[in-house]
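Asker: The structure file query_4.cif (mmCIF, C-alpha atoms) is provided below.
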data_query
loop_
_atom_site.label_atom_id
_atom_site.label_comp_id
_atom_site.auth_asym_id
_atom_site.auth_seq_id
_atom_site.Cartn_x
_atom_site.Cartn_y
_atom_site.Cartn_z
CA MET A 187 0.00 0.00 0.00
CA GLU A 188 2.79 2.40 0.96
CA ARG A 189 4.67 1.58 -2.25
CA SER A 190 1.49 2.08 -4.32
CA ALA A 191 0.85 5.44 -2.64
CA ALA A 192 4.44 6.47 -3.31
CA VAL A 193 4.14 5.48 -6.98
CA ASP A 194 0.87 7.40 -7.30
CA SER A 195 2.45 10.40 -5.62
CA SER A 196 5.46 10.29 -7.96
CA ALA A 197 3.18 9.98 -11.01
CA ALA A 198 1.12 12.95 -9.85
CA ALA A 199 4.28 14.99 -9.27
CA ALA A 200 5.60 14.07 -12.72
CA GLU A 201 2.29 15.04 -14.32
CA THR A 202 2.29 18.37 -12.46
CA ALA A 203 5.88 19.04 -13.47
CA ALA A 204 5.08 18.28 -17.10
CA ARG A 205 2.06 20.61 -17.20
CA PRO A 206 3.07 23.95 -18.78
CA THR A 207 3.00 26.96 -16.50
CA ARG A 208 1.15 30.11 -17.60
CA THR A 209 3.76 32.71 -16.84
CA ARG A 210 3.28 34.27 -20.28
CA PHE A 211 -0.17 35.49 -19.21
CA LEU A 212 1.32 37.30 -16.21
CA ILE A 213 3.73 38.98 -18.62
CA LEU A 214 0.79 39.86 -20.87
CA ALA A 215 -1.01 41.49 -17.93
CA LEU A 216 2.14 43.48 -17.20
CA ILE A 217 2.46 44.95 -20.70
CA THR A 218 -1.30 45.60 -20.78
CA VAL A 219 -1.02 47.83 -17.72
CA GLY A 220 2.09 49.43 -19.19
CA THR A 221 0.25 50.21 -22.43
CA LEU A 222 -2.66 51.71 -20.50
CA ILE A 223 -0.26 54.06 -18.69
CA ASN A 224 1.59 54.76 -21.94
CA TYR A 225 -1.52 56.00 -23.71
CA LEU A 226 -2.91 57.75 -20.66
CA ASP A 227 0.30 59.79 -20.43
CA ARG A 228 0.31 60.78 -24.10
CA THR A 229 -3.43 61.52 -24.33
CA VAL A 230 -4.31 63.08 -20.98
CA ILE A 231 -3.63 66.42 -22.69
CA SER A 232 -6.88 65.94 -24.65
CA VAL A 233 -8.78 65.93 -21.34
CA ALA A 234 -6.84 68.93 -20.06
CA ALA A 235 -7.17 70.76 -23.40
CA PRO A 236 -10.25 72.95 -22.71
CA PHE A 237 -8.80 74.16 -19.40
CA LEU A 238 -5.20 74.34 -20.63
CA GLN A 239 -6.17 76.11 -23.86
CA GLU A 240 -7.98 78.84 -21.95
CA ASP A 241 -5.29 79.20 -19.28
CA LEU A 242 -2.37 79.39 -21.74
CA ARG A 243 -4.41 81.27 -24.39
CA LEU A 244 -3.84 78.88 -27.29
CA ASP A 245 -5.95 79.06 -30.48
CA PRO A 246 -6.97 75.83 -32.37
CA PHE A 247 -3.87 75.85 -34.57
CA TYR A 248 -1.49 76.17 -31.61
CA MET A 249 -3.46 73.52 -29.72
CA GLY A 250 -3.02 71.24 -32.75
CA LEU A 251 0.69 72.05 -32.62
CA ALA A 252 0.81 70.94 -28.98
CA PHE A 253 -1.06 67.72 -29.81
CA SER A 254 1.29 67.06 -32.72
CA ALA A 255 4.59 67.81 -30.94
CA PHE A 256 4.60 64.46 -29.14
CA SER A 257 4.64 62.59 -32.43
CA TRP A 258 7.49 64.64 -33.92
CA SER A 259 10.01 63.27 -31.48
CA TYR A 260 8.17 59.96 -30.99
CA ALA A 261 8.43 59.16 -34.70
CA ALA A 262 12.00 60.44 -35.00
CA ALA A 263 13.14 58.34 -32.04
CA GLN A 264 11.61 55.05 -33.23
CA ILE A 265 14.75 53.76 -34.96
CA PRO A 266 17.09 54.78 -32.08
CA GLY A 267 14.59 53.21 -29.68
CA GLY A 268 14.58 49.97 -31.68
CA VAL A 269 18.39 49.96 -31.77
CA LEU A 270 18.50 50.47 -27.98
CA LEU A 271 16.09 47.56 -27.53
CA ASP A 272 18.23 45.27 -29.70
CA ARG A 273 21.32 46.20 -27.67
CA ILE A 274 20.23 46.17 -23.99
CA GLY A 275 17.05 44.06 -24.03
CA VAL A 276 13.42 44.51 -23.02
CA ARG A 277 13.66 44.68 -19.22
CA LEU A 278 16.02 47.63 -18.89
CA THR A 279 14.78 49.47 -22.00
CA TYR A 280 11.16 49.45 -20.84
CA PHE A 281 12.05 50.47 -17.28
CA LEU A 282 14.04 53.49 -18.47
CA SER A 283 11.32 54.39 -20.96
CA VAL A 284 8.34 54.29 -18.58
CA THR A 285 10.13 56.09 -15.77
CA ILE A 286 11.40 58.95 -17.94
CA TRP A 287 8.15 59.39 -19.89
CA SER A 288 6.19 59.56 -16.62
CA LEU A 289 8.43 62.35 -15.34
CA CYS A 290 7.88 64.19 -18.64
CA THR A 291 4.12 63.85 -18.17
CA ALA A 292 4.36 65.49 -14.77
CA LEU A 293 6.48 68.29 -16.26
CA GLN A 294 3.60 69.22 -18.60
CA GLY A 295 1.74 70.31 -15.50
CA LEU A 296 4.38 72.99 -14.95
CA SER A 297 3.96 74.56 -18.40
CA SER A 298 3.70 78.34 -18.43
CA GLY A 299 3.21 78.79 -22.18
CA LEU A 300 3.42 77.17 -25.59
CA ALA A 301 7.23 76.83 -25.57
CA SER A 302 7.42 74.95 -22.26
CA LEU A 303 4.44 72.77 -23.19
CA LEU A 304 6.03 71.86 -26.53
CA SER A 305 9.34 71.05 -24.81
CA ALA A 306 7.66 68.65 -22.39
CA ARG A 307 5.68 67.02 -25.21
CA LEU A 308 8.83 66.54 -27.31
CA ALA A 309 10.66 64.93 -24.39
CA LEU A 310 7.64 62.69 -23.75
CA GLY A 311 7.77 61.47 -27.35
CA VAL A 312 11.44 60.51 -27.13
CA ALA A 313 10.92 58.66 -23.85
CA GLU A 314 7.91 56.66 -25.09
CA SER A 315 9.51 55.63 -28.39
CA PRO A 316 10.79 52.16 -27.31
CA ALA A 317 7.52 51.09 -25.68
CA PHE A 318 5.71 49.38 -28.58
CA PRO A 319 8.85 47.79 -30.02
CA CYS A 320 9.32 46.35 -26.52
CA ASN A 321 5.76 45.02 -26.56
CA SER A 322 6.39 43.31 -29.91
CA ARG A 323 9.63 41.79 -28.64
CA VAL A 324 7.83 40.48 -25.55
CA LEU A 325 5.13 38.83 -27.68
CA SER A 326 7.64 37.32 -30.11
CA THR A 327 9.59 35.74 -27.25
CA TRP A 328 6.83 34.84 -24.77
CA PHE A 329 4.04 33.66 -27.11
CA PRO A 330 3.71 31.06 -29.89
CA GLN A 331 2.51 32.48 -33.20
CA HIS A 332 -1.04 31.14 -32.92
CA GLU A 333 -1.59 33.06 -29.66
CA ARG A 334 0.01 36.36 -30.63
CA ALA A 335 -3.00 38.02 -32.28
CA ARG A 336 -5.14 37.52 -29.19
CA ALA A 337 -2.28 38.62 -26.98
CA THR A 338 -1.87 41.75 -29.10
CA GLY A 339 -5.59 42.39 -28.76
CA VAL A 340 -5.41 42.07 -24.98
CA TYR A 341 -2.49 44.43 -24.39
CA SER A 342 -3.80 46.89 -26.99
CA ILE A 343 -6.90 47.35 -24.84
CA GLY A 344 -4.65 49.61 -22.78
CA GLN A 345 -4.61 52.14 -25.63
CA TYR A 346 -8.31 52.77 -25.13
CA PHE A 347 -9.14 51.68 -21.60
CA GLY A 348 -7.83 54.79 -19.84
CA LEU A 349 -9.96 57.26 -21.78
CA ALA A 350 -12.79 54.76 -22.30
CA PHE A 351 -13.56 54.23 -18.63
CA LEU A 352 -11.72 57.04 -16.87
CA SER A 353 -12.82 60.04 -18.97
CA PRO A 354 -15.52 61.23 -16.53
CA VAL A 355 -13.08 60.89 -13.61
CA LEU A 356 -10.28 62.64 -15.49
CA PHE A 357 -12.55 65.53 -16.49
CA TRP A 358 -13.71 65.78 -12.87
CA ILE A 359 -10.11 65.91 -11.58
CA SER A 360 -9.30 68.70 -14.05
CA ALA A 361 -12.40 70.67 -13.09
CA ARG A 362 -11.95 70.12 -9.35
CA PHE A 363 -8.19 70.27 -8.83
CA GLY A 364 -6.97 71.89 -12.05
CA TRP A 365 -5.32 70.58 -15.20
CA ARG A 366 -1.84 70.84 -13.68
CA MET A 367 -2.64 68.36 -10.92
CA LEU A 368 -4.03 65.95 -13.52
CA PHE A 369 -0.63 65.72 -15.24
CA VAL A 370 1.20 65.26 -11.92
CA LEU A 371 -1.06 62.42 -10.73
CA VAL A 372 -0.85 60.52 -14.02
CA GLY A 373 2.95 60.94 -14.08
CA LEU A 374 3.30 59.59 -10.54
CA LEU A 375 1.30 56.49 -11.50
CA GLY A 376 3.80 55.73 -14.28
CA VAL A 377 6.85 56.06 -12.03
CA LEU A 378 5.34 53.52 -9.62
CA PHE A 379 4.64 51.12 -12.48
CA GLY A 380 8.26 51.38 -13.64
CA LEU A 381 9.40 49.98 -10.30
CA VAL A 382 6.89 47.13 -10.59
CA TRP A 383 8.15 46.31 -14.09
CA LEU A 384 11.78 46.19 -13.01
CA THR A 385 10.88 43.85 -10.15
CA VAL A 386 8.62 41.45 -12.07
CA TYR A 387 9.73 41.18 -15.70
CA ARG A 388 12.26 38.61 -16.92
CA ASP A 389 12.88 37.05 -20.35
CA PRO A 390 11.64 33.44 -20.70
CA GLN A 391 15.14 31.94 -20.46
CA THR A 392 15.88 33.72 -17.16
CA SER A 393 12.43 33.64 -15.55
CA ARG A 394 12.13 31.57 -12.38
CA SER A 395 8.37 31.12 -12.70
CA VAL A 396 8.30 29.44 -16.12
CA ASN A 397 8.87 25.69 -16.41
CA GLN A 398 10.46 23.68 -19.22
CA SER A 399 7.10 22.55 -20.57
CA GLU A 400 5.94 26.11 -21.14
CA LEU A 401 9.27 26.99 -22.77
CA GLN A 402 8.91 24.02 -25.12
CA TYR A 403 5.31 25.00 -25.91
CA ILE A 404 6.36 28.56 -26.76
CA ALA A 405 9.34 27.42 -28.83
CA ALA A 406 7.25 24.88 -30.77
CA GLY A 407 4.97 27.73 -31.85
CA GLY A 408 7.81 29.91 -33.08
CA GLY A 409 8.43 31.86 -29.88
CA LEU A 410 11.53 32.55 -27.76
CA GLY A 411 13.08 34.46 -30.69
CA ASP A 412 16.68 34.43 -31.77
CA ARG A 413 19.11 33.91 -28.90
CA ALA A 414 22.11 35.02 -30.92
CA ALA A 415 24.26 37.99 -29.93
CA PRO A 416 22.69 41.45 -30.38
CA THR A 417 22.84 42.83 -33.92
CA LYS A 418 24.87 46.02 -34.37
CA PHE A 419 23.14 48.94 -36.01
CA ASP A 420 23.80 49.32 -39.72
CA TRP A 421 22.10 51.80 -42.07
CA ARG A 422 22.08 49.09 -44.71
CA ASN A 423 19.59 47.16 -42.56
CA ILE A 424 17.13 50.05 -42.83
CA ALA A 425 17.54 50.14 -46.60
CA PHE A 426 17.02 46.37 -46.68
CA LEU A 427 13.79 46.60 -44.66
CA LEU A 428 12.39 49.43 -46.79
CA ARG A 429 12.81 47.25 -49.87
CA GLN A 430 10.57 44.56 -48.37
CA ARG A 431 6.98 44.96 -49.52
CA GLN A 432 5.66 43.32 -46.34
CA VAL A 433 7.30 45.97 -44.14
CA LEU A 434 6.40 48.88 -46.40
CA GLY A 435 2.80 47.81 -47.00
CA ALA A 436 2.13 47.19 -43.31
CA SER A 437 3.71 50.53 -42.35
CA ILE A 438 1.55 52.53 -44.78
CA GLY A 439 -1.54 50.67 -43.56
CA GLN A 440 -0.69 51.45 -39.96
CA PHE A 441 -0.19 55.12 -40.80
CA ALA A 442 -3.70 55.14 -42.22
CA SER A 443 -5.31 53.46 -39.21
CA ASN A 444 -3.34 55.61 -36.76
CA SER A 445 -4.84 58.73 -38.34
CA THR A 446 -8.24 57.63 -37.05
CA LEU A 447 -6.78 56.76 -33.66
CA VAL A 448 -4.99 60.11 -33.33
CA PHE A 449 -8.20 62.02 -34.10
CA PHE A 450 -9.98 60.26 -31.24
CA LEU A 451 -7.05 60.70 -28.86
CA THR A 452 -6.66 64.43 -29.53
CA TRP A 453 -9.52 66.33 -31.23
CA PHE A 454 -12.53 64.13 -30.48
CA PRO A 455 -13.53 65.78 -27.14
CA THR A 456 -13.16 69.22 -28.76
CA TYR A 457 -15.25 68.04 -31.74
CA LEU A 458 -18.07 67.02 -29.41
CA ALA A 459 -17.91 70.33 -27.53
CA THR A 460 -17.62 72.74 -30.48
CA GLU A 461 -19.22 70.94 -33.44
CA ARG A 462 -21.90 69.09 -31.48
CA HIS A 463 -22.21 71.75 -28.71
CA MET A 464 -22.05 69.35 -25.76
CA GLY A 465 -21.10 70.48 -22.25
CA TRP A 466 -17.72 69.24 -21.01
CA ILE A 467 -19.12 66.85 -18.40
CA LYS A 468 -21.45 65.41 -21.06
CA VAL A 469 -18.42 65.13 -23.37
CA GLY A 470 -16.69 62.99 -20.75
CA PHE A 471 -19.56 60.50 -20.76
CA ALA A 472 -20.24 60.67 -24.54
CA ALA A 473 -16.58 59.90 -25.28
CA VAL A 474 -16.84 56.64 -23.36
CA LEU A 475 -18.90 54.76 -25.98
CA PRO A 476 -16.50 55.03 -28.96
CA PHE A 477 -13.58 54.07 -26.74
CA ILE A 478 -15.48 51.03 -25.44
CA ALA A 479 -16.26 50.12 -29.06
CA ALA A 480 -12.56 50.41 -29.93
CA THR A 481 -11.70 48.15 -27.00
CA ILE A 482 -14.12 45.53 -28.32
CA GLY A 483 -12.66 45.99 -31.80
CA VAL A 484 -9.14 45.27 -30.56
CA VAL A 485 -10.19 42.00 -28.93
CA SER A 486 -12.46 41.02 -31.83
CA GLY A 487 -9.68 41.57 -34.37
CA GLY A 488 -7.30 39.34 -32.42
CA VAL A 489 -9.83 36.56 -31.88
CA LEU A 490 -10.95 36.65 -35.52
CA SER A 491 -7.36 36.59 -36.74
CA ASP A 492 -6.36 33.56 -34.69
CA PHE A 493 -9.62 31.79 -35.66
CA LEU A 494 -8.98 32.36 -39.37
CA LEU A 495 -5.36 31.27 -39.00
CA ARG A 496 -6.41 28.00 -37.33
CA ARG A 497 -9.22 27.26 -39.79
CA THR A 498 -7.46 28.17 -43.03
CA GLY A 499 -3.79 27.84 -42.16
CA SER A 500 -3.29 31.04 -44.18
CA ALA A 501 -1.48 33.96 -42.58
CA ASN A 502 -2.77 36.12 -45.42
CA MET A 503 -6.38 35.45 -44.44
CA GLY A 504 -5.73 35.48 -40.70
CA ARG A 505 -3.68 38.67 -40.54
CA LYS A 506 -4.75 40.81 -43.52
CA LEU A 507 -8.53 40.31 -43.73
CA PRO A 508 -9.41 41.70 -40.26
CA VAL A 509 -7.23 44.79 -40.84
CA VAL A 510 -8.78 45.51 -44.24
CA ALA A 511 -12.27 45.15 -42.74
CA GLY A 512 -11.28 47.46 -39.89
CA LEU A 513 -9.97 50.16 -42.25
CA LEU A 514 -13.20 50.03 -44.26
CA LEU A 515 -15.20 50.52 -41.07
CA ALA A 516 -12.90 53.37 -40.00
CA SER A 517 -13.67 55.20 -43.25
CA SER A 518 -17.34 55.40 -42.19
CA ILE A 519 -16.39 58.30 -39.89
CA VAL A 520 -17.22 60.70 -42.74
CA ALA A 521 -20.93 59.80 -42.39
CA ALA A 522 -21.06 61.92 -39.20
CA ASN A 523 -20.98 65.00 -41.46
CA PHE A 524 -24.48 64.18 -42.72
CA LEU A 525 -26.18 63.52 -39.37
CA ASP A 526 -27.85 65.97 -36.98
CA ASN A 527 -28.80 63.56 -34.22
CA ASP A 528 -26.08 63.35 -31.54
CA ALA A 529 -26.92 59.73 -30.71
CA LEU A 530 -26.42 58.70 -34.35
CA VAL A 531 -23.16 60.63 -34.52
CA ILE A 532 -21.87 58.78 -31.47
CA ALA A 533 -22.99 55.50 -33.08
CA ILE A 534 -21.05 56.28 -36.28
CA MET A 535 -18.01 57.35 -34.29
CA SER A 536 -18.22 54.12 -32.29
CA LEU A 537 -18.39 52.04 -35.48
CA ALA A 538 -15.39 53.85 -36.97
CA PHE A 539 -13.36 53.48 -33.78
CA PHE A 540 -14.36 49.81 -33.52
CA GLY A 541 -12.85 49.32 -36.99
CA GLN A 542 -9.70 51.16 -36.01
CA GLY A 543 -9.37 48.90 -32.99
CA MET A 544 -9.29 45.87 -35.29
CA CYS A 545 -6.32 47.43 -37.10
CA ASN A 546 -4.12 46.95 -34.03
CA LEU A 547 -3.58 43.52 -35.51
CA GLY A 548 -0.93 45.25 -37.63
CA TRP A 549 1.42 44.87 -34.67
CA THR A 550 0.99 41.10 -34.82
CA LEU A 551 1.55 41.11 -38.57
CA ILE A 552 4.80 43.07 -38.34
CA THR A 553 6.05 40.64 -35.69
CA ASP A 554 5.27 37.76 -38.06
CA VAL A 555 7.21 39.27 -40.98
CA ALA A 556 10.14 40.95 -39.18
CA PRO A 557 13.58 39.27 -39.51
CA LYS A 558 14.33 37.61 -36.17
CA ARG A 559 17.62 39.43 -35.77
CA LEU A 560 16.00 42.81 -36.48
CA ILE A 561 12.71 42.72 -34.58
CA GLY A 562 13.54 45.88 -32.64
CA LEU A 563 14.65 47.80 -35.73
CA THR A 564 11.74 46.56 -37.85
CA THR A 565 9.08 47.45 -35.30
CA GLY A 566 10.80 50.77 -34.67
CA LEU A 567 10.68 51.58 -38.39
CA PHE A 568 7.06 50.39 -38.54
CA ASN A 569 6.12 52.59 -35.59
CA LEU A 570 7.96 55.56 -37.10
CA CYS A 571 5.82 55.37 -40.24
CA ALA A 572 2.65 54.72 -38.25
CA ASN A 573 3.20 57.66 -35.94
CA CYS A 574 3.79 60.13 -38.70
CA ALA A 575 -0.01 60.18 -38.45
CA GLY A 576 0.42 61.72 -35.03
CA ILE A 577 2.33 64.58 -36.66
CA VAL A 578 0.08 65.09 -39.68
CA THR A 579 -3.43 64.53 -38.31
CA PRO A 580 -3.53 67.03 -35.40
CA LEU A 581 -1.98 69.75 -37.56
CA VAL A 582 -4.29 69.16 -40.53
CA VAL A 583 -7.38 69.01 -38.30
CA GLY A 584 -6.34 72.14 -36.39
CA PHE A 585 -5.64 74.03 -39.62
CA VAL A 586 -8.91 72.95 -41.25
CA VAL A 587 -10.97 73.88 -38.18
CA LYS A 588 -9.28 77.28 -37.93
CA VAL A 589 -9.80 78.05 -41.64
CA THR A 590 -13.30 76.60 -42.16
CA GLY A 591 -14.72 76.78 -38.63
CA SER A 592 -15.92 73.17 -39.05
CA PHE A 593 -14.71 69.56 -38.70
CA ALA A 594 -16.42 68.41 -41.92
CA TRP A 595 -13.37 68.36 -44.20
CA ALA A 596 -11.23 67.00 -41.36
CA LEU A 597 -13.44 63.90 -41.09
CA ALA A 598 -13.31 63.48 -44.88
CA PHE A 599 -9.51 63.60 -44.72
CA ILE A 600 -9.39 60.84 -42.11
CA ALA A 601 -11.80 58.64 -44.11
CA ALA A 602 -9.70 59.06 -47.26
CA LEU A 603 -6.56 57.97 -45.42
CA ALA A 604 -8.36 54.83 -44.19
CA LEU A 605 -9.17 53.91 -47.80
CA CYS A 606 -5.52 54.46 -48.75
CA GLY A 607 -4.64 51.94 -46.03
CA VAL A 608 -6.99 49.40 -47.61
CA SER A 609 -5.19 49.82 -50.93
CA SER A 610 -1.80 49.32 -49.26
CA TYR A 611 -2.86 46.03 -47.64
CA VAL A 612 -4.59 44.72 -50.76
CA PHE A 613 -2.12 45.72 -53.47
CA LEU A 614 1.28 46.36 -51.83
CA LEU A 615 1.82 44.12 -48.81
CA GLY A 616 1.84 40.74 -50.57
CA ASP A 617 2.23 37.45 -48.67
CA VAL A 618 2.50 37.47 -44.89
CA ARG A 619 5.77 35.60 -44.33
CA ARG A 620 8.92 36.23 -42.33
CA VAL A 621 11.55 38.21 -44.19
CA GLU A 622 14.83 36.33 -44.37
CA MET A 623 18.05 38.31 -44.18
CA PRO A 624 21.01 37.40 -46.39
CA GLY A 625 23.08 34.81 -44.57
CA ASP A 626 20.21 33.50 -42.40
#
Please express the file's structure as structure tokens.
Answerer:
Amino acid sequence: MERSAAVDSSAAAAETAARPTRTRFLILALITVGTLINYLDRTVISVAAPFLQEDLRLDPFYMGLAFSAFSWSYAAAQIPGGVLLDRIGVRLTYFLSVTIWSLCTALQGLSSGLASLLSARLALGVAESPAFPCNSRVLSTWFPQHERARATGVYSIGQYFGLAFLSPVLFWISARFGWRMLFVLVGLLGVLFGLVWLTVYRDPQTSRSVNQSELQYIAAGGGLGDRAAPTKFDWRNIAFLLRQRQVLGASIGQFASNSTLVFFLTWFPTYLATERHMGWIKVGFAAVLPFIAATIGVVSGGVLSDFLLRRTGSANMGRKLPVVAGLLLASSIVAANFLDNDALVIAIMSLAFFGQGMCNLGWTLITDVAPKRLIGLTTGLFNLCANCAGIVTPLVVGFVVKVTGSFAWALAFIAALALCGVSSYVFLLGDVRRVEMPGD
């Protein structure tokens, strides 16, 4: 009996030891919170805008300049950020990034005029630049390919969650304690998260909470990445990547979808207040619905992508089709120009933002096609192109509103860009397959 019990105990222990751990989902939760803080820090200015604009006496064009400034440096720093990631790894790069960007967020609360506000926004853009390349590196190492789309959908919720569910609270904080305190509180939250990240995050090969079974499961699905020595930066690598239709097509498509995202993250509350004549507290609640729709779109795009990949075995169907559908839905934003009913306008905006949320799948696609030795550089280049939308869109919208006194042509501009993104995915991108570097 004792021997039988011992055998049963050993068998149970062996079975437990062989069962894969789920450490990758803890890591996913970590980057989801990080992404929430990332977008909250870059977009909290849209909540502060009505109070800040009045206090610092900024007209629509200069407010558009302030919105846009973040993306100038953010886009310019993408390649250096990707190079830094390839050299020192995810753990240290992300810690430095989140801590510095959070301090820059707090500094915006000390702005005394346009110059100081622009300086803080520029510094914020540089500090945030490695964040999404880090997220892509985490997914490519911690998740097998067939789980990456859903994982991307989960962490991308952070892009929308802060403004989706916290808008009324954020508007209340600004109205009650002032816009300066809003920046300080959000910045402090990021500094605290940086310490949590440094304590918790480890790569799969050095993590103490992952077992061999989970490592084998990840590796069998194409995860864990390339464990070779870091690749040195070479301008020829950029030229090589720009010649790859997969990289170029995905980057143009992401620029198009980001134009819709940037509108919602910057001008949307002002649109509701000035074009639709809503009070600011009502704006806080009205803005919730499109952001919730975008959150659902992110998750839906990931689930649909992985479903199509499993059923068809085609990365083209699984990765491209949801993004094309999302861009077509995003183009529907122009219909708001022909509606008088506020409820219908919010419904159209929600549909367009839902479609844009599906386009976050582009981050999964670029991870699938990036050369393994250049994931940081490839995603940095991808994010540079995508975030040129953050430079162009706020400026164009601000200029159009100042000249015409209306958002009508601005919405038409955003819809046209979405259709350009469809063309890029359909005609330029080609097959979704990993780019092989010479010598691989």
Asker: Would you please work out which residue, of A:Gly435, A:Gly591, A:Gly275, A:Gly548, is nearest to Leu615 of chain A when using all atoms listed in the file?
Answerer: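 Distance minimum relative to Leu615 of chain A lands on A:Gly435.
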Asker: Which neighbours of segment 375-388 of chain A fall inside 7 Å, counting all atoms listed in the file, when residues of the same chain fewer than 3 positions from it are skipped, and could you give them as a ChimeraX atom specification?
Answerer: /A:223,277,281,284-285,288,371-372,392-393
Asker: Residues near Tyr457 of chain A, anyone? I mean within 12 Å using all atoms listed in the file, not counting same-chain ones fewer than 2 positions away, as a PDB file with C-alpha atoms, keeping the file's coordinate frame.
Answerer:
ATOM      1  CA  SER A 232      -6.880  65.940 -24.650  1.00  0.00           C
ATOM      2  CA  ALA A 235      -7.170  70.760 -23.400  1.00  0.00           C
ATOM      3  CA  PRO A 236     -10.250  72.950 -22.710  1.00  0.00           C
ATOM      4  CA  PRO A 246      -6.970  75.830 -32.370  1.00  0.00           C
ATOM      5  CA  PHE A 449      -8.200  62.020 -34.100  1.00  0.00           C
ATOM      6  CA  PHE A 450      -9.980  60.260 -31.240  1.00  0.00           C
ATOM      7  CA  LEU A 451      -7.050  60.700 -28.860  1.00  0.00           C
ATOM      8  CA  THR A 452      -6.660  64.430 -29.530  1.00  0.00           C
ATOM      9  CA  TRP A 453      -9.520  66.330 -31.230  1.00  0.00           C
ATOM     10  CA  PHE A 454     -12.530  64.130 -30.480  1.00  0.00           C
ATOM     11  CA  PRO A 455     -13.530  65.780 -27.140  1.00  0.00           C
ATOM     12  CA  ALA A 459     -17.910  70.330 -27.530  1.00  0.00           C
ATOM     13  CA  THR A 460     -17.620  72.740 -30.480  1.00  0.00           C
ATOM     14  CA  GLU A 461     -19.220  70.940 -33.440  1.00  0.00           C
ATOM     15  CA  ARG A 462     -21.900  69.090 -31.480  1.00  0.00           C
ATOM     16  CA  HIS A 463     -22.210  71.750 -28.710  1.00  0.00           C
ATOM     17  CA  MET A 464     -22.050  69.350 -25.760  1.00  0.00           C
ATOM     18  CA  GLY A 465     -21.100  70.480 -22.250  1.00  0.00           C
ATOM     19  CA  TRP A 466     -17.720  69.240 -21.010  1.00  0.00           C
ATOM     20  CA  VAL A 469     -18.420  65.130 -23.370  1.00  0.00           C
ATOM     21  CA  ALA A 472     -20.240  60.670 -24.540  1.00  0.00           C
ATOM     22  CA  ALA A 473     -16.580  59.900 -25.280  1.00  0.00           C
ATOM     23  CA  ALA A 522     -21.060  61.920 -39.200  1.00  0.00           C
ATOM     24  CA  ASN A 523     -20.980  65.000 -41.460  1.00  0.00           C
ATOM     25  CA  ASP A 528     -26.080  63.350 -31.540  1.00  0.00           C
ATOM     26  CA  VAL A 531     -23.160  60.630 -34.520  1.00  0.00           C
ATOM     27  CA  ILE A 532     -21.870  58.780 -31.470  1.00  0.00           C
ATOM     28  CA  MET A 535     -18.010  57.350 -34.290  1.00  0.00           C
ATOM     29  CA  VAL A 583      -7.380  69.010 -38.300  1.00  0.00           C
ATOM     30  CA  GLY A 584      -6.340  72.140 -36.390  1.00  0.00           C
ATOM     31  CA  VAL A 587     -10.970  73.880 -38.180  1.00  0.00           C
ATOM     32  CA  GLY A 591     -14.720  76.780 -38.630  1.00  0.00           C
ATOM     33  CA  SER A 592     -15.920  73.170 -39.050  1.00  0.00           C
ATOM     34  CA  PHE A 593     -14.710  69.560 -38.700  1.00  0.00           C
ATOM     35  CA  ALA A 594     -16.420  68.410 -41.920  1.00  0.00           C
ATOM     36  CA  ALA A 596     -11.230  67.000 -41.360  1.00  0.00           C
ATOM     37  CA  LEU A 597     -13.440  63.900 -41.090  1.00  0.00           C
TER      38      LEU A 597
END
Asker: Find the residues with any atom within 10 Å of (7.4, 40.3, -28.7); use all atoms listed in the file and the coordinates as given in the file, and write the answer as an mmCIF file with C-alpha atoms, keeping the file's coordinate frame.
Answerer:
data_model
loop_
_atom_site.group_PDB
_atom_site.id
_atom_site.type_symbol
_atom_site.label_atom_id
_atom_site.label_comp_id
_atom_site.auth_asym_id
_atom_site.auth_seq_id
_atom_site.Cartn_x
_atom_site.Cartn_y
_atom_site.Cartn_z
ATOM 1 C CA VAL A 276 13.420 44.510 -23.020
ATOM 2 C CA PHE A 318 5.710 49.380 -28.580
ATOM 3 C CA PRO A 319 8.850 47.790 -30.020
ATOM 4 C CA CYS A 320 9.320 46.350 -26.520
ATOM 5 C CA ASN A 321 5.760 45.020 -26.560
ATOM 6 C CA SER A 322 6.390 43.310 -29.910
ATOM 7 C CA ARG A 323 9.630 41.790 -28.640
ATOM 8 C CA VAL A 324 7.830 40.480 -25.550
ATOM 9 C CA LEU A 325 5.130 38.830 -27.680
ATOM 10 C CA SER A 326 7.640 37.320 -30.110
ATOM 11 C CA THR A 327 9.590 35.740 -27.250
ATOM 12 C CA TRP A 328 6.830 34.840 -24.770
ATOM 13 C CA PHE A 329 4.040 33.660 -27.110
ATOM 14 C CA ARG A 334 0.010 36.360 -30.630
ATOM 15 C CA ALA A 337 -2.280 38.620 -26.980
ATOM 16 C CA THR A 338 -1.870 41.750 -29.100
ATOM 17 C CA GLY A 409 8.430 31.860 -29.880
ATOM 18 C CA LEU A 410 11.530 32.550 -27.760
ATOM 19 C CA GLY A 411 13.080 34.460 -30.690
ATOM 20 C CA TRP A 549 1.420 44.870 -34.670
ATOM 21 C CA THR A 550 0.990 41.100 -34.820
ATOM 22 C CA THR A 553 6.050 40.640 -35.690
ATOM 23 C CA ASP A 554 5.270 37.760 -38.060
ATOM 24 C CA ILE A 561 12.710 42.720 -34.580
ATOM 25 C CA GLY A 562 13.540 45.880 -32.640
ATOM 26 C CA THR A 565 9.080 47.450 -35.300
#
Asker: May I ask which of the residues A:Cys290, A:Ile343, A:Val312, A:Met249 is the closest one to Thr221 of chain A, counting only C-alpha atoms?
Answerer: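 So, comparing all the options, the nearest one is A:Ile343.
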